[in-house]
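Just run-v4.tsv here, TSV, C-alpha atoms:
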```tsv
chain	number	residue	atom	x	y	z
A	1	MET	CA	0.00	0.00	0.00
A	2	PRO	CA	1.33	3.46	-0.76
A	3	ALA	CA	1.98	5.79	2.04
A	4	HIS	CA	-0.94	7.95	3.00
A	5	GLY	CA	-1.21	11.03	0.76
A	6	ARG	CA	1.55	9.88	-1.65
A	7	ARG	CA	0.71	9.50	-5.34
A	8	VAL	CA	2.02	6.47	-7.17
A	9	HIS	CA	2.62	6.54	-10.97
A	10	ARG	CA	1.69	3.29	-12.67
A	11	GLU	CA	2.90	2.50	-16.20
A	12	PRO	CA	0.27	1.21	-18.62
A	13	ALA	CA	0.30	-2.47	-19.41
A	14	ARG	CA	2.52	-3.45	-22.34
A	15	GLY	CA	0.79	-3.52	-25.69
A	16	ARG	CA	-1.99	-1.28	-24.49
A	17	LEU	CA	-2.51	1.99	-26.32
A	18	LEU	CA	-2.99	5.04	-24.19
A	19	PRO	CA	-6.37	6.65	-24.81
A	20	ARG	CA	-6.22	9.98	-26.67
A	21	ARG	CA	-7.08	12.97	-24.66
A	22	ARG	CA	-10.05	14.67	-26.19
A	23	GLY	CA	-8.95	18.09	-25.00
A	24	SER	CA	-5.58	17.75	-26.74
A	25	VAL	CA	-7.23	16.73	-30.01
A	26	LEU	CA	-9.60	19.69	-29.90
A	27	TRP	CA	-6.73	22.06	-29.10
A	28	ALA	CA	-4.71	20.74	-32.05
A	29	ALA	CA	-7.69	21.07	-34.37
A	30	ARG	CA	-8.25	24.64	-33.26
A	31	LEU	CA	-4.57	25.42	-33.78
A	32	VAL	CA	-4.66	24.04	-37.33
A	33	GLY	CA	-7.79	26.07	-38.03
A	34	ALA	CA	-6.22	29.21	-36.64
A	35	LEU	CA	-3.08	28.71	-38.74
A	36	GLY	CA	-5.20	28.21	-41.83
A	37	ALA	CA	-7.11	31.40	-41.11
A	38	LEU	CA	-3.86	33.31	-40.62
A	39	GLY	CA	-2.57	31.97	-43.92
A	40	ALA	CA	-5.71	33.13	-45.72
A	41	LEU	CA	-5.49	36.52	-44.00
A	42	GLY	CA	-1.84	36.81	-45.02
A	43	ALA	CA	-2.75	36.17	-48.65
A	44	ILE	CA	-5.44	38.86	-48.52
A	45	LEU	CA	-3.09	41.36	-46.89
A	46	THR	CA	-0.43	40.61	-49.51
A	47	LEU	CA	-2.88	41.48	-52.29
A	48	THR	CA	-4.28	44.59	-50.60
A	49	ALA	CA	-1.11	46.04	-49.05
A	50	PRO	CA	0.26	48.91	-51.14
A	51	LEU	CA	3.56	48.31	-52.87
A	52	GLY	CA	3.99	52.04	-52.48
A	53	ALA	CA	5.84	51.34	-49.24
A	54	GLU	CA	8.64	50.32	-51.58
A	55	GLU	CA	10.85	53.27	-52.50
A	56	VAL	CA	11.31	54.59	-56.01
A	57	ALA	CA	14.62	52.99	-56.94
A	58	VAL	CA	15.45	55.07	-60.02
A	59	PRO	CA	14.98	58.88	-60.04
A	60	VAL	CA	11.91	59.99	-61.96
A	61	ALA	CA	14.02	62.14	-64.30
A	62	VAL	CA	16.01	59.07	-65.31
A	63	GLN	CA	12.81	57.06	-65.69
A	64	ALA	CA	11.38	59.68	-68.06
A	65	ASN	CA	14.46	59.62	-70.27
A	66	LEU	CA	14.52	55.82	-70.34
A	67	ILE	CA	10.83	55.67	-71.27
A	68	ALA	CA	11.46	58.02	-74.21
A	69	LYS	CA	14.51	56.11	-75.37
A	70	VAL	CA	13.23	52.55	-75.00
A	71	SER	CA	9.95	53.37	-76.75
A	72	ALA	CA	11.90	53.63	-79.99
A	73	TYR	CA	12.74	49.92	-79.68
A	74	ASP	CA	9.09	48.84	-79.46
A	75	ARG	CA	8.20	47.66	-82.97
A	76	ASN	CA	4.54	48.57	-82.44
A	77	PHE	CA	5.04	51.99	-80.91
A	78	ALA	CA	4.83	54.17	-84.04
A	79	GLN	CA	1.59	52.56	-85.16
A	80	ARG	CA	0.21	52.82	-81.64
A	81	ALA	CA	1.06	56.50	-81.25
A	82	GLY	CA	-0.04	57.81	-84.63
A	83	SER	CA	0.69	61.54	-84.73
A	84	LEU	CA	0.77	62.19	-80.96
A	85	VAL	CA	2.25	60.24	-78.04
A	86	VAL	CA	-0.30	60.38	-75.24
A	87	THR	CA	0.86	59.28	-71.78
A	88	LEU	CA	-1.73	58.67	-69.08
A	89	VAL	CA	-0.22	59.14	-65.62
A	90	ILE	CA	-2.29	57.11	-63.16
A	91	VAL	CA	-2.69	58.63	-59.70
A	92	HIS	CA	-3.84	56.62	-56.69
A	93	PRO	CA	-6.62	58.52	-54.87
A	94	ASP	CA	-5.48	57.40	-51.41
A	95	ASP	CA	-1.76	58.15	-51.70
A	96	SER	CA	-0.33	61.69	-51.49
A	97	GLU	CA	3.06	60.52	-52.73
A	98	SER	CA	1.34	59.23	-55.87
A	99	GLU	CA	0.31	62.78	-56.83
A	100	ARG	CA	3.87	64.06	-56.29
A	101	ASN	CA	5.21	61.19	-58.37
A	102	ALA	CA	2.75	62.06	-61.16
A	103	ALA	CA	3.72	65.74	-61.11
A	104	GLN	CA	7.41	64.83	-61.31
A	105	LEU	CA	6.93	62.56	-64.31
A	106	ARG	CA	4.80	65.09	-66.20
A	107	LYS	CA	7.46	67.72	-65.54
A	108	GLU	CA	10.34	65.50	-66.72
A	109	LEU	CA	8.56	64.27	-69.83
A	110	GLY	CA	7.55	67.87	-70.55
A	111	ARG	CA	11.24	68.78	-70.84
A	112	LEU	CA	11.59	66.49	-73.86
A	113	ASP	CA	11.01	67.97	-77.31
A	114	THR	CA	9.70	64.73	-78.77
A	115	ILE	CA	9.22	61.04	-77.96
A	116	VAL	CA	10.24	58.79	-80.84
A	117	GLY	CA	10.29	61.89	-83.04
A	118	LEU	CA	6.66	62.76	-82.25
A	119	PRO	CA	4.98	65.50	-80.21
A	120	HIS	CA	3.62	64.29	-76.91
A	121	ALA	CA	1.07	65.09	-74.18
A	122	GLU	CA	0.86	63.91	-70.58
A	123	GLN	CA	-2.43	63.63	-68.72
A	124	SER	CA	-3.00	62.74	-65.06
A	125	VAL	CA	-5.88	60.36	-64.36
A	126	THR	CA	-7.22	59.38	-60.94
A	127	PHE	CA	-7.54	55.61	-60.66
A	128	THR	CA	-10.99	54.20	-59.99
A	129	SER	CA	-10.80	50.69	-61.47
A	130	GLY	CA	-8.89	48.66	-64.00
A	131	SER	CA	-11.88	48.45	-66.33
A	132	GLN	CA	-12.37	52.22	-66.27
A	133	LEU	CA	-8.69	52.72	-67.07
A	134	GLY	CA	-9.00	50.40	-70.05
A	135	LYS	CA	-11.85	52.55	-71.39
A	136	LEU	CA	-9.77	55.72	-70.95
A	137	VAL	CA	-6.83	54.20	-72.82
A	138	LYS	CA	-9.14	53.50	-75.77
A	139	ALA	CA	-10.94	56.85	-75.62
A	140	ARG	CA	-7.74	58.91	-75.45
A	141	SER	CA	-5.65	56.72	-77.77
A	142	ALA	CA	-2.95	56.44	-75.11
A	143	SER	CA	0.42	55.01	-76.11
A	144	ILE	CA	1.88	54.87	-72.58
A	145	VAL	CA	0.34	54.29	-69.16
A	146	TYR	CA	2.53	55.27	-66.21
A	147	VAL	CA	1.46	53.78	-62.86
A	148	THR	CA	2.61	55.92	-59.94
A	149	THR	CA	3.32	54.83	-56.36
A	150	GLY	CA	0.74	53.54	-53.86
A	151	PHE	CA	-0.91	50.68	-55.76
A	152	THR	CA	-1.64	47.24	-54.33
A	153	ARG	CA	-0.97	43.95	-56.10
A	154	ALA	CA	-4.70	43.43	-56.58
A	155	GLU	CA	-5.05	46.85	-58.22
A	156	LEU	CA	-2.02	46.23	-60.43
A	157	ARG	CA	-3.42	42.91	-61.57
A	158	SER	CA	-6.74	44.54	-62.38
A	159	ILE	CA	-4.84	47.09	-64.48
A	160	GLY	CA	-2.91	44.34	-66.25
A	161	ASP	CA	-6.10	42.43	-67.01
A	162	ALA	CA	-7.86	45.57	-68.28
A	163	LEU	CA	-4.99	46.50	-70.61
A	164	ALA	CA	-4.68	42.97	-72.02
A	165	GLY	CA	-5.81	43.01	-75.64
A	166	LEU	CA	-4.97	46.72	-76.06
A	167	SER	CA	-1.84	48.09	-77.70
A	168	VAL	CA	-0.27	50.15	-74.91
A	169	LEU	CA	3.02	50.26	-73.00
A	170	SER	CA	2.48	50.25	-69.23
A	171	VAL	CA	5.32	51.51	-67.03
A	172	GLY	CA	5.63	51.31	-63.25
A	173	ALA	CA	7.21	53.77	-60.84
A	174	LEU	CA	8.35	50.92	-58.58
A	175	PRO	CA	10.37	47.82	-59.47
A	176	GLY	CA	7.89	45.55	-57.67
A	177	TYR	CA	5.16	46.52	-60.13
A	178	VAL	CA	6.65	44.61	-63.05
A	179	PRO	CA	5.85	40.99	-62.18
A	180	ASN	CA	2.41	42.06	-60.96
A	181	GLY	CA	0.67	43.36	-64.08
A	182	VAL	CA	2.90	46.16	-65.45
A	183	VAL	CA	5.07	45.68	-68.54
A	184	LEU	CA	8.10	47.88	-67.85
A	185	GLY	CA	9.84	49.06	-64.67
A	186	PHE	CA	13.15	50.23	-63.29
A	187	ASP	CA	15.51	49.12	-60.55
A	188	LEU	CA	19.04	49.84	-59.38
A	189	VAL	CA	21.56	47.04	-59.86
A	190	SER	CA	25.10	47.66	-58.61
A	191	GLY	CA	24.24	51.35	-58.45
A	192	LYS	CA	23.12	51.54	-62.10
A	193	PRO	CA	19.58	51.77	-63.53
A	194	LYS	CA	18.24	48.49	-64.86
A	195	MET	CA	15.07	48.10	-66.89
A	196	LEU	CA	12.70	45.27	-65.96
A	197	ILE	CA	10.18	43.68	-68.31
A	198	ASP	CA	7.37	41.19	-67.92
A	199	LEU	CA	7.37	39.46	-71.31
A	200	THR	CA	4.05	37.72	-70.74
A	201	GLN	CA	2.29	41.00	-69.98
A	202	ALA	CA	4.12	42.68	-72.86
A	203	LYS	CA	2.65	40.17	-75.30
A	204	ARG	CA	-0.82	40.69	-73.82
A	205	GLN	CA	-0.48	44.42	-74.57
A	206	SER	CA	1.17	44.12	-78.02
A	207	VAL	CA	4.49	45.52	-76.78
A	208	ALA	CA	7.34	44.06	-78.84
A	209	PHE	CA	10.81	45.24	-77.91
A	210	SER	CA	13.72	44.32	-80.14
A	211	SER	CA	16.24	41.70	-79.06
A	212	GLU	CA	18.82	44.48	-78.64
A	213	ALA	CA	16.63	46.19	-76.05
A	214	LEU	CA	15.78	42.95	-74.26
A	215	LYS	CA	19.48	42.28	-73.73
A	216	LEU	CA	19.60	45.39	-71.56
A	217	MET	CA	16.67	44.32	-69.40
A	218	LYS	CA	15.96	41.90	-66.61
A	219	VAL	CA	13.30	39.64	-68.07
A	220	PHE	CA	10.33	38.15	-66.20
A	221	GLU	CA	8.30	35.49	-68.02
```

Conversion result in structure tokens:
Amino acid sequence: MPAHGRRVHREPARGRLLPRRRGSVLWAARLVGALGALGALGAILTLTAPLGAEEVAVPVAVQANLIAKVSAYDRNFAQRAGSLVVTLVIVHPDDSESERNAAQLRKELGRLDTIVGLPHAEQSVTFTSGSQLGKLVKARSASIVYVTTGFTRAELRSIGDALAGLSVLSVGALPGYVPNGVVLGFDLVSGKPKMLIDLTQAKRQSVAFSSEALKLMKVFE
């Protein structure tokens, strides 16, 4: 007999499975459910978080000059532009930096006499939806769409989907825009500007850069 008040631990008989504790099973199930919910929430936040938190890697003045120069290597650009190169500068309504970015680009493009030998005009447009932007591109015969800072991945993808099937070059202010629905972007590599291109999106928008230009770019497919 054990001493009074002393607990004795008895091992289970050999070959006998210990019964599962219901509380532990429920706790594990709840943990799995919670982790799944967090994963889903993370995916939503990833799509809705603005990439505008990312800094503009290449100065806007340099971006403007690169846009003007690289456009000459797009085999469809002259036909797209006609007699006037129209650039729509897309401003995010909830981001003050987006408006400053737009003003900078309009100013820097305005310094250029021509783009691909043609007169040009820059117009700021407040973003409402991808589908509405697609309609504006058609209505204003835009050759270039410049997406300023402050846009989320979901918004960028809606822009990419809306511009698919149109002949227009989309350009992003931030390097992270390129694999998310924008054709062309800019980054700094070893302290030097590097152009980025999403070839799949380029094909969707009838943008066809020459092989010489592609050699100078980081290519996403």

Residues within 7 Å of Ala208 of chain A, only C-alpha atoms, excluding chain neighbours under 2 positions, as a list in words: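 Answer for this query is Asp74, Arg75, Asn76, Ala202, Ser206 and Ser210 of chain A.
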
Please provide the set of residues having any atom within 8 Å of segment 108-115 of chain A, restricted to all atoms listed in the file, with same-chain residues fewer than 5 positions apart removed, written as a ChimeraX atom specification. /A:60-61,64-65,68-69,71,85,120-122

Expressed in Å to a single decimal, how great is the separation between atom CA of Gly130 of chain A and atom CA of Gly185 of chain A? 18.7 Å

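You can rank A:Gln205, A:Ser167, A:Ser124, A:Ser211 by their closest distance to His92 of chain A using only C-alpha atoms, and at the top of that list sits A:Ser124.
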
Please list, as a PyMOL selection string, the residues that have an atom at most 12 Å away from (21.4, 45.8, -72.4) in the coordinates of this file, counting all atoms listed in the file. chain A and resi 70+192-196+209-219

For Thr128 of chain A, please output as a ChimeraX atom specification all residues within 10 Å (counting only C-alpha atoms; exclusion window: fewer than 6 positions along the same chain). /A:90-93,155

Same residues, C-alpha atoms, output as a PDB file, in the coordinates of the input:
```
ATOM      1  CA  ILE A  90      -2.290  57.110 -63.160  1.00  0.00           C
ATOM      2  CA  VAL A  91      -2.690  58.630 -59.700  1.00  0.00           C
ATOM      3  CA  HIS A  92      -3.840  56.620 -56.690  1.00  0.00           C
ATOM      4  CA  PRO A  93      -6.620  58.520 -54.870  1.00  0.00           C
ATOM      5  CA  GLU A 155      -5.050  46.850 -58.220  1.00  0.00           C
TER       6      GLU A 155
END
```

Restricting the calculation to all atoms listed in the file: of A:Leu199, A:Val62, A:Val116, A:Leu166, which residue gets closest to Leu136 of chain A?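 Result for the nearest residue to Leu136 of chain A: A:Leu166.
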
Between atom CA of Gln201 of chain A and atom CA of Val147 of chain A, distance in Å (one decimal):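 Result for atom CA of Gln201 of chain A versus atom CA of Val147 of chain A: 14.7 Å, one decimal.
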
Spatial neighbours of Thr149 of chain A, max dist 10 Å, all atoms listed in the file, sep filter under 2 positions, as an MDAnalysis selection string: chainID A and resid 50:56 90:92 95:102 146:147 151:152 172:174 177

By how many Å are atom CA of Ser83 of chain A and atom CA of Ser141 of chain A apart?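 According to the coordinates, atom CA of Ser83 of chain A and atom CA of Ser141 of chain A are separated by 10.6 Å.
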
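When only C-alpha atoms are used to measure the gap to Ile67 of chain A, the shortest distance among A:Val137, A:Val86, A:Leu184, A:Val178 belongs to A:Leu184.
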
Distance criterion (all atoms listed in the file): nearest to Phe77 of chain A out of A:Val171, A:Ala142, A:Val183, A:Leu188: A:Ala142
